[in-house]
$ cat target-v4.csv   # CSV, C-alpha atoms and all ligand atoms
chain,number,residue,atom,x,y,z
K,1,MET,CA,-9.8,113.5,112.8
K,2,ALA,CA,-12.5,112.1,110.5
K,3,ARG,CA,-13.0,108.4,110.0
K,4,LEU,CA,-10.7,106.9,107.4
K,5,MET,CA,-11.5,104.2,104.8
K,6,THR,CA,-12.3,100.9,106.4
K,7,LEU,CA,-9.8,98.1,105.8
K,8,ASP,CA,-10.0,94.5,104.8
K,9,ILE,CA,-9.0,92.8,108.0
K,10,ASP,CA,-7.8,89.2,108.5
K,11,ILE,CA,-7.9,87.9,112.1
K,12,ARG,CA,-5.7,85.0,113.1
K,13,PRO,CA,-4.4,83.3,116.3
K,14,ILE,CA,-1.0,84.4,117.5
K,15,ALA,CA,1.7,81.7,117.5
K,16,PRO,CA,4.1,81.6,120.4
K,17,ASP,CA,7.1,82.6,118.1
K,18,GLU,CA,5.2,85.8,117.2
K,19,ALA,CA,5.3,87.0,120.8
K,20,PRO,CA,8.2,89.4,120.2
K,21,ALA,CA,6.4,91.1,117.3
K,22,ILE,CA,3.3,91.5,119.5
K,23,ALA,CA,5.3,92.9,122.3
K,24,ALA,CA,6.9,95.4,119.9
K,25,LEU,CA,3.5,96.4,118.6
K,26,ALA,CA,2.2,96.9,122.2
K,27,GLY,CA,5.2,99.2,122.8
K,28,VAL,CA,4.3,101.4,119.8
K,29,VAL,CA,0.6,101.6,120.7
K,30,TRP,CA,1.1,102.1,124.5
K,31,LEU,CA,3.6,105.0,124.1
K,32,ASP,CA,1.2,106.7,121.6
K,33,ALA,CA,-1.9,106.1,123.6
K,34,TYR,CA,-0.8,106.4,127.2
K,35,SER,CA,1.8,109.1,127.3
K,36,GLY,CA,-0.8,111.7,128.2
K,37,ILE,CA,-2.6,109.3,130.7
K,38,LEU,CA,0.1,107.4,132.6
K,39,SER,CA,3.6,108.3,133.7
K,40,ARG,CA,6.5,107.0,131.6
K,41,ALA,CA,7.6,104.9,134.6
K,42,GLN,CA,4.2,103.3,134.8
K,43,ILE,CA,4.1,102.5,131.1
K,44,ASP,CA,7.5,100.9,131.3
K,45,TYR,CA,6.5,98.9,134.4
K,46,MET,CA,3.3,97.6,132.8
K,47,LEU,CA,4.9,96.8,129.4
K,48,ALA,CA,7.7,94.9,131.1
K,49,ARG,CA,5.3,92.8,133.1
K,50,ARG,CA,2.5,92.2,130.6
K,51,TYR,CA,4.7,91.8,127.5
K,52,ASP,CA,7.6,89.9,128.9
K,53,HIS,CA,8.4,87.6,125.9
K,54,ALA,CA,8.4,84.3,127.9
K,55,ARG,CA,5.1,85.1,129.6
K,56,LEU,CA,3.5,86.2,126.3
K,57,ARG,CA,4.8,83.2,124.5
K,58,ALA,CA,3.2,80.9,127.1
K,59,GLU,CA,-0.1,82.9,126.8
K,60,CYS,CA,0.0,82.5,123.0
K,61,GLY,CA,0.1,78.7,123.5
K,62,ASP,CA,-2.8,78.8,126.1
K,63,PRO,CA,-6.1,78.1,124.4
K,64,ALA,CA,-7.9,79.7,127.4
K,65,LYS,CA,-6.2,83.1,126.6
K,66,TRP,CA,-7.6,83.6,123.1
K,67,LEU,CA,-4.8,85.8,121.7
K,68,ARG,CA,-5.7,87.1,118.2
K,69,GLN,CA,-4.0,89.5,115.8
K,70,ALA,CA,-5.5,91.5,112.9
K,71,PHE,CA,-3.6,91.9,109.6
K,72,ALA,CA,-4.4,94.5,107.0
K,73,GLY,CA,-2.6,92.9,104.0
K,74,ASP,CA,0.9,92.1,105.3
K,75,PHE,CA,0.7,94.8,108.1
K,76,ARG,CA,0.1,93.6,111.7
K,77,ALA,CA,-2.5,96.2,112.5
K,78,GLY,CA,-3.6,95.2,116.0
K,79,PHE,CA,-4.2,92.5,118.5
K,80,ALA,CA,-6.6,91.4,121.2
K,81,ALA,CA,-6.6,88.9,124.1
K,82,CYS,CA,-9.5,87.4,126.1
K,83,GLU,CA,-9.6,85.3,129.2
K,84,ILE,CA,-12.0,84.1,131.9
K,85,CYS,CA,-11.7,86.4,134.9
K,86,GLY,CA,-13.8,85.9,138.1
K,87,GLY,CA,-16.3,83.8,136.1
K,88,ALA,CA,-16.7,86.5,133.4
K,89,PHE,CA,-15.5,86.5,129.8
K,90,LYS,CA,-13.0,89.5,129.7
K,91,LEU,CA,-11.6,91.3,126.8
K,92,ASP,CA,-8.2,91.8,128.5
K,93,LYS,CA,-6.2,93.5,125.6
K,94,LEU,CA,-7.3,95.5,122.6
K,95,TYR,CA,-4.6,97.5,120.7
K,96,VAL,CA,-4.5,98.9,117.2
K,97,HIS,CA,-1.4,100.4,115.6
K,98,PRO,CA,-1.7,104.3,115.6
K,99,ALA,CA,-1.5,104.4,111.8
K,100,MET,CA,-4.4,102.0,111.5
K,101,GLN,CA,-6.7,103.4,114.1
K,102,ARG,CA,-10.3,104.4,113.3
K,103,ARG,CA,-10.4,102.1,110.3
K,104,GLY,CA,-12.5,99.3,111.8
K,105,VAL,CA,-9.7,97.1,113.1
K,106,GLY,CA,-10.8,97.5,116.8
K,107,ALA,CA,-14.5,96.8,115.8
K,108,ALA,CA,-13.4,93.7,113.9
K,109,LEU,CA,-11.4,92.4,116.9
K,110,VAL,CA,-14.3,93.1,119.3
K,111,ALA,CA,-16.8,91.3,117.0
K,112,HIS,CA,-14.4,88.4,116.9
K,113,ALA,CA,-14.0,88.4,120.7
K,114,ALA,CA,-17.8,88.5,121.0
K,115,ALA,CA,-18.1,85.4,118.8
K,116,LEU,CA,-15.5,83.6,120.9
K,117,ALA,CA,-17.4,84.5,124.1
K,118,ARG,CA,-20.7,83.2,122.6
K,119,GLY,CA,-18.9,80.1,121.5
K,120,ALA,CA,-17.6,79.6,125.0
K,121,GLY,CA,-21.2,79.9,126.4
K,122,TYR,CA,-21.1,83.5,127.8
K,123,SER,CA,-23.9,86.0,127.3
K,124,ALA,CA,-21.8,89.1,128.2
K,125,MET,CA,-18.2,90.4,127.9
K,126,ILE,CA,-16.4,92.7,130.3
K,127,LEU,CA,-13.3,94.9,130.1
K,128,ALA,CA,-11.3,97.4,132.2
K,129,VAL,CA,-10.4,100.8,130.6
K,130,ASN,CA,-8.6,103.8,132.1
K,131,LYS,CA,-11.0,106.5,133.1
K,132,ASN,CA,-9.0,109.1,131.2
K,133,ASN,CA,-8.7,107.0,127.9
K,134,ALA,CA,-11.3,109.1,126.1
K,135,GLN,CA,-10.7,107.5,122.6
K,136,ALA,CA,-11.1,104.0,124.0
K,137,LEU,CA,-14.2,105.0,126.0
K,138,ARG,CA,-15.8,106.4,122.8
K,139,ALA,CA,-14.9,103.2,120.9
K,140,TYR,CA,-16.3,100.9,123.6
K,141,ALA,CA,-19.5,102.9,123.8
K,142,LYS,CA,-19.8,102.5,120.0
K,143,TYR,CA,-19.2,98.8,120.3
K,144,GLY,CA,-22.1,98.5,122.8
K,145,PHE,CA,-20.2,98.5,126.1
K,146,ARG,CA,-21.7,100.3,129.1
K,147,VAL,CA,-20.0,101.4,132.3
K,148,ARG,CA,-20.8,99.0,135.1
K,149,GLU,CA,-18.6,100.3,137.9
K,150,ALA,CA,-15.4,102.1,138.8
K,151,ALA,CA,-12.4,100.2,140.0
K,152,VAL,CA,-9.0,101.3,141.4
K,153,THR,CA,-6.5,98.4,141.4
K,154,ASP,CA,-3.1,98.3,143.1
K,155,ILE,CA,-0.7,96.8,140.5
K,156,GLY,CA,2.4,96.9,142.6
K,157,GLY,CA,5.6,99.0,142.0
K,158,GLY,CA,3.8,101.9,143.6
K,159,PHE,CA,1.3,102.1,140.7
K,160,GLU,CA,-2.4,101.8,140.5
K,161,MET,CA,-5.0,101.5,137.7
K,162,ASP,CA,-7.9,103.9,137.8
K,163,ASP,CA,-10.5,102.2,135.6
K,164,TYR,CA,-14.0,101.8,134.6
K,165,ILE,CA,-15.3,98.2,134.3
K,166,MET,CA,-17.5,98.1,131.2
K,167,GLU,CA,-19.9,95.3,130.1
K,168,LYS,CA,-21.5,94.4,126.8
K,169,THR,CA,-24.5,92.1,126.5
K,170,LEU,CA,-24.0,89.7,123.6
K,171,ASP,CA,-26.7,88.9,121.1
K,172,PRO,CA,-27.8,85.3,121.2
K,201,LIG,C1,-9.5,102.0,121.2
K,201,LIG,C2,-9.1,101.3,119.9
K,201,LIG,C3,-8.8,99.8,120.2
K,201,LIG,C4,-10.3,101.4,118.9
K,201,LIG,O1,-9.9,100.7,117.7
K,201,LIG,P1,-10.0,101.4,116.3
K,201,LIG,O2,-9.7,100.4,115.3
K,201,LIG,O3,-9.1,102.6,116.3
K,201,LIG,O4,-11.5,101.9,116.3
K,201,LIG,P2,-12.7,101.7,115.2
K,201,LIG,O5,-12.2,102.0,113.8
K,201,LIG,O6,-13.2,100.3,115.4
K,201,LIG,O7,-13.7,102.9,115.6
K,201,LIG,C5,-14.5,102.8,116.7
K,201,LIG,C6,-14.8,104.1,117.3
K,201,LIG,O8,-13.7,104.5,118.1
K,201,LIG,C7,-13.7,105.9,118.2
K,201,LIG,N1,-12.3,106.3,117.7
K,201,LIG,C8,-11.3,105.5,117.3
K,201,LIG,N2,-10.2,106.3,117.0
K,201,LIG,C9,-10.5,107.5,117.2
K,201,LIG,C10,-9.8,108.8,117.1
K,201,LIG,N3,-8.6,108.8,116.6
K,201,LIG,N4,-10.5,109.9,117.4
K,201,LIG,C11,-11.8,109.9,117.8
K,201,LIG,N5,-12.5,108.7,117.9
K,201,LIG,C12,-11.9,107.6,117.7
K,201,LIG,C13,-14.7,106.5,117.3
K,201,LIG,O9,-15.9,106.7,118.0
K,201,LIG,C14,-14.9,105.3,116.3
K,201,LIG,O10,-16.2,105.3,115.7
K,201,LIG,P3,-16.5,106.4,114.5
K,201,LIG,O11,-15.2,106.5,113.6
K,201,LIG,O12,-17.6,105.8,113.7
K,201,LIG,O13,-16.8,107.7,115.2
K,201,LIG,C15,-7.8,101.9,119.2
K,201,LIG,O14,-8.1,103.3,118.9
K,201,LIG,C16,-6.6,101.8,120.1
K,201,LIG,O15,-5.8,100.9,120.0
K,201,LIG,N6,-6.3,102.9,120.9
K,201,LIG,C17,-5.1,102.9,121.7
K,201,LIG,C18,-4.9,101.8,122.7
K,201,LIG,C19,-6.1,101.7,123.6
K,201,LIG,O16,-6.5,102.6,124.3
K,201,LIG,N7,-6.7,100.5,123.7
K,201,LIG,C20,-7.8,100.2,124.6
K,201,LIG,C21,-7.2,99.7,126.0
K,201,LIG,S1,-8.5,99.4,127.2

$ encode --input "target-v4.csv" --output "structure tokens"
Amino acid sequence: MARLMTLDIDIRPIAPDEAPAIAALAGVVWLDAYSGILSRAQIDYMLARRYDHARLRAECGDPAKWLRQAFAGDFRAGFAACEICGGAFKLDKLYVHPAMQRRGVGAALVAHAAALARGAGYSAMILAVNKNNAQALRAYAKYGFRVREAAVTDIGGGFEMDDYIMEKTLDP
């Protein structure tokens, strides 16, 4: 599919009472993106843990989690979350609605996350991405991330994540 017209994107913090809308958006993106990569059981397991409304609501109110959403007009087009993990600034979530993908929403959220990282005093940003997520790997390469290492992580429930850890050096 060719690149579509780039959108005007407005990036805002996510308020705790918006947690259910973000969880619903995550459900749409995950089923679309991961059905060919993860089993349905693993998708359901991970969604239930990561997007539990009470947990997400608490994260939205936590200034050290940096949850942000991207709107295209009135449409909630995507969201991102960052956190400090093992002393590194980590882009922990990056999800764009399937109907809004490849229109610059992910790029805008990553640029925003990079500015947050710089503002917090970090000179690099890391992330974990499934080794078989070809679309995201292409996007991250385009955003300037490079593979640093491979990582297999036991996430409980009999499931594991088979990821690359990627890193992007941030401009001063
Ligand atoms: C990966 C993702 C966040 C990228 O955001 P996006 O807004 O779609 O991407 P952008 O418009 O910023 O485009 C960046 C690049 O990504 C790649 N890309 C994005 N969508 C693509 C698609 N459908 N087909 C091929 N390449 C695609 C392209 O290389 C694109 O650059 P180009 O159009 O100049 O070639 C988004 O596609 C997404 O949410 N995917 C599903 C969920 C996911 O995998 N998230 C990452 C979890 S680690």

$ residues_near_ligand --input "target-v4.csv" --ligand "ligand LIG 201 (chain K)" --cutoff "7 Å" --atoms "all atoms listed in the file" --output "number ranges by chain"
K: 1-3, 29-30, 33, 93-98, 100-108, 128-130, 133, 135-136, 138-139, 142

$ closest_residue --input "target-v4.csv" --among "K:Ile11, K:Leu127, K:Ala120, K:Cys60" --to "Cys85 (chain K)" --atoms "only C-alpha atoms"
K:Leu127

$ closest_residue --input "target-v4.csv" --among "K:Ile9, K:Ala117, K:Ala150, K:Ala19" --to "Arg57 (chain K)" --atoms "all atoms listed in the file"
K:Ala19

$ atom_distance --input "target-v4.csv" --atom1 "CA of Glu83 (chain K)" --atom2 "CA of Ala64 (chain K)"
6.1 Å

$ residues_around --input "target-v4.csv" --residues "Ala54 (chain K)" --least-positions-apart "2" --cutoff "12 Å" --atoms "all atoms listed in the file" --output "PDB file with C-alpha atoms, keeping the file's coordinate frame"
ATOM      1  CA  PRO K  16       4.100  81.600 120.400  1.00  0.00           C
ATOM      2  CA  ASP K  17       7.100  82.600 118.100  1.00  0.00           C
ATOM      3  CA  GLU K  18       5.200  85.800 117.200  1.00  0.00           C
ATOM      4  CA  ALA K  19       5.300  87.000 120.800  1.00  0.00           C
ATOM      5  CA  PRO K  20       8.200  89.400 120.200  1.00  0.00           C
ATOM      6  CA  ALA K  23       5.300  92.900 122.300  1.00  0.00           C
ATOM      7  CA  ALA K  48       7.700  94.900 131.100  1.00  0.00           C
ATOM      8  CA  ARG K  49       5.300  92.800 133.100  1.00  0.00           C
ATOM      9  CA  ARG K  50       2.500  92.200 130.600  1.00  0.00           C
ATOM     10  CA  TYR K  51       4.700  91.800 127.500  1.00  0.00           C
ATOM     11  CA  ASP K  52       7.600  89.900 128.900  1.00  0.00           C
ATOM     12  CA  LEU K  56       3.500  86.200 126.300  1.00  0.00           C
ATOM     13  CA  ARG K  57       4.800  83.200 124.500  1.00  0.00           C
ATOM     14  CA  ALA K  58       3.200  80.900 127.100  1.00  0.00           C
ATOM     15  CA  GLU K  59      -0.100  82.900 126.800  1.00  0.00           C
ATOM     16  CA  CYS K  60       0.000  82.500 123.000  1.00  0.00           C
ATOM     17  CA  GLY K  61       0.100  78.700 123.500  1.00  0.00           C
TER      18      GLY K  61
END

$ closest_residue --input "target-v4.csv" --among "K:Ser39, K:Thr169, K:Ser123, K:Asn132" --to "Phe145 (chain K)" --atoms "all atoms listed in the file"
K:Thr169

$ closest_residue --input "target-v4.csv" --among "K:Ala124, K:Asp171, K:Ala111, K:Phe159" --to "Tyr143 (chain K)" --atoms "all atoms listed in the file"
K:Ala111

$ closest_residue --input "target-v4.csv" --among "K:Ala26, K:Leu31, K:Ala113, K:Ile126" --to "Ala88 (chain K)" --atoms "all atoms listed in the file"
K:Ile126

$ residues_around --input "target-v4.csv" --residues "Leu67 (chain K)" --least-positions-apart "3" --cutoff "8 Å" --atoms "only C-alpha atoms" --output "PyMOL selection string"
chain K and resi 13-14+59-60+79-82

$ atom_distance --input "target-v4.csv" --atom1 "CA of Gly73 (chain K)" --atom2 "CA of Val28 (chain K)"
19.2 Å

$ atom_distance --input "target-v4.csv" --atom1 "CA of Tyr164 (chain K)" --atom2 "CA of Glu149 (chain K)"
5.9 Å

$ closest_residue --input "target-v4.csv" --among "K:Leu91, K:Ile22, K:Ala70, K:Met166" --to "Leu47 (chain K)" --atoms "all atoms listed in the file"
K:Ile22
